[in-house]
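Notes follow the structure.
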Amino acid sequence: MKILVINAGSSSLKYQLIDMDNKLVMAKGLCERIGIEGSRLKHTPAGRDSVVIESPMPTHADAITLVISSLTDSENGVISSMSEIGAVGHRVVHGGESFSESVVIDEKVKEGIRGCIELAPLHNPANLIGIEACEKVMPGVPQVAVFDTAFHQTMPQKAYLYGLPYEYYQKYKIRRYGFHGTSHKYVSGRAAEMLNRPLSELRVVTCHLGNGSSVAAIDHGRVVDTSMGLTPLAGVIMGTRCGDIDPAIVTFLMEKEGLDPKAMDAVMNKQSGVLGVSGVSSDFRDLGAAAENGDSRAKAALDMFYYSVKKYVGAYAAVMGGIDALVFTAGVGENNAACRAAVTDGLEYMGVKIDPELNKQRGEMEISAPGAAVHTLVIPTDEEMMIALDAQRLTK
Ligand code: ADP
């Protein structure tokens, strides 16, 4: 069975065609500037050079049509006809409280996704457009929605409610939802496979550390807490997002700097984080280089990042009464040995100890020191594969 995985943004659309028989990506690509001048598609068949097609794409349906024709093209294609695609898996950012798992899309599901637009005004409308474009271009092919929030829906009320008047939860659904759920689910599942134990027997902390970062506590297979909240702004300090701050700072700064809500939102989402603290960059490679050259603010930003991740690891160990596995994933978690060393430094008391030599390696691996009670693992995330697995499971 072949599954097309779609991640639709407001003016872009990423895709991967995955052959589920051998779990290999057959082709992937990206449509950019949909609906605006200069639309282009970059298509990469596995093991071959990318091709760039410059062609007008006034709508997402035009983009999907072009994706299908690239996938079936006699020269750069990887399948002979659209009928080889068994299902489409869509990444949907917000499922609110309506979706605690992936679902086959029908009118009711689309209504539910529409109902969550207020919670993700930038993402859910684009995800819906992607779904409707596929329905139009590929009638009869089952479509599956996979939500970033779904895996976290198992959190108990004490973890998801905020200390605000309860009526705001009732009126506006203000609560912790958590994000990167597809990634946390994938890497926790892989961790169990690597350790040859059922996930239902393990207490796992997963650290998805990239431009956006989140940490999750997964107790016997169920998320019991996660660092992101109503939006992906909460939790650890990130590339450009502030993470957890005293909420009183928001009104203080709005008054002092004369910022309206939109401007304050931009400060917290785009001008803060390690970029805001360092004044150097949001990219952890740049920060590492600057810190090595003696830039004290870059070093401070990195220290803050490591410290905030470590605090969540400790908090979640407390929540679960200890941990069996600690997982690092995403751009920084997978590639940055200094980050893993700093986060795990001094955690021997709770059984976490890494081997400095193993920590220098790359790829999927266990980096625990011999005899460490906790398995520390590096697992490259694969959200597309997780989406494809769910789409296959639900449509087989
Ligand atoms: P996003 O949240 O955008 O998906 P990623 O998971 O791709 O982010 O992570 C991007 C971050 O990963 C960047 O800060 C980058 O510096 C870091 N990163 C990527 N590759 C490396 C590497 N080889 N060494 C160190 N850091 C890396």
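Just remember, in the structure tokens the first chain shown is A, the second B, etc., residues are 1-based per chain, and ligands are 1-based in the order shown.
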* Identify, on the basis of only C-alpha atoms, every residue whose closest approach to Gly77 of chain A does not exceed 10 Å; exclude the query and any residue fewer than 3 positions from it along the same chain; express the result as a VMD selection string. => chain A and resid 26 to 27 43 to 45 67 to 74 80 to 81
Same residues, C-alpha atoms, saved as a short mmCIF file (atom, residue, chain, number, x, y, z; two decimals), in the first residue's frame:
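So the final result, stored in part12.cif, reads:
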```cif
data_model
loop_
_atom_site.label_atom_id
_atom_site.label_comp_id
_atom_site.auth_asym_id
_atom_site.auth_seq_id
_atom_site.Cartn_x
_atom_site.Cartn_y
_atom_site.Cartn_z
CA MET A 26 9.42 6.95 -2.76
CA ALA A 27 9.37 10.71 -3.36
CA HIS A 43 9.96 17.30 -6.44
CA THR A 44 12.57 14.78 -5.25
CA PRO A 45 12.23 11.14 -6.28
CA VAL A 67 1.94 16.83 -7.15
CA ILE A 68 0.00 13.91 -8.67
CA SER A 69 1.33 14.63 -12.14
CA SER A 70 4.91 14.78 -10.75
CA LEU A 71 4.41 11.46 -8.93
CA THR A 72 3.10 9.81 -12.12
CA ASP A 73 5.41 11.61 -14.58
CA SER A 74 7.10 9.24 -17.04
CA SER A 80 2.30 4.72 -12.91
CA SER A 81 -1.09 6.06 -11.88
#
```
Requested in this report: Please provide as a VMD selection string all residues within 6 Å of Lys42 of chain A, with the sequence filter that same-chain residues fewer than 3 positions apart are discarded (counting only C-alpha atoms).
Outcome: chain A and resid 29 to 30 51 to 52
Deliver the residues from the most recent selection as a file, using C-alpha atoms, as a PDB file, in the first residue's frame.
```
ATOM      1  CA  GLY A  29       8.506  17.552  -2.311  1.00  0.00           C
ATOM      2  CA  LEU A  30       7.261  21.006  -1.556  1.00  0.00           C
ATOM      3  CA  VAL A  51      13.388  18.795 -10.199  1.00  0.00           C
ATOM      4  CA  VAL A  52      11.873  22.262  -9.899  1.00  0.00           C
TER       5      VAL A  52
END
```
Can you list, as a PyMOL selection string, every protein, DNA or RNA residue that comes within 9 Å of Arg340 of chain A when you count only C-alpha atoms, leaving out same-chain residues fewer than 6 positions away? chain A and resi 306+328+332-334+354+359
Ligand 1: which residues are within 7 Å, counting only C-alpha atoms and all ligand atoms, as a PyMOL selection string? chain A and resi 209-213+239+282-286+330-332+335-336
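Across the model, the gap from atom CA of Pro125 of chain A to atom CA of Met264 of chain A is 23.3 Å.
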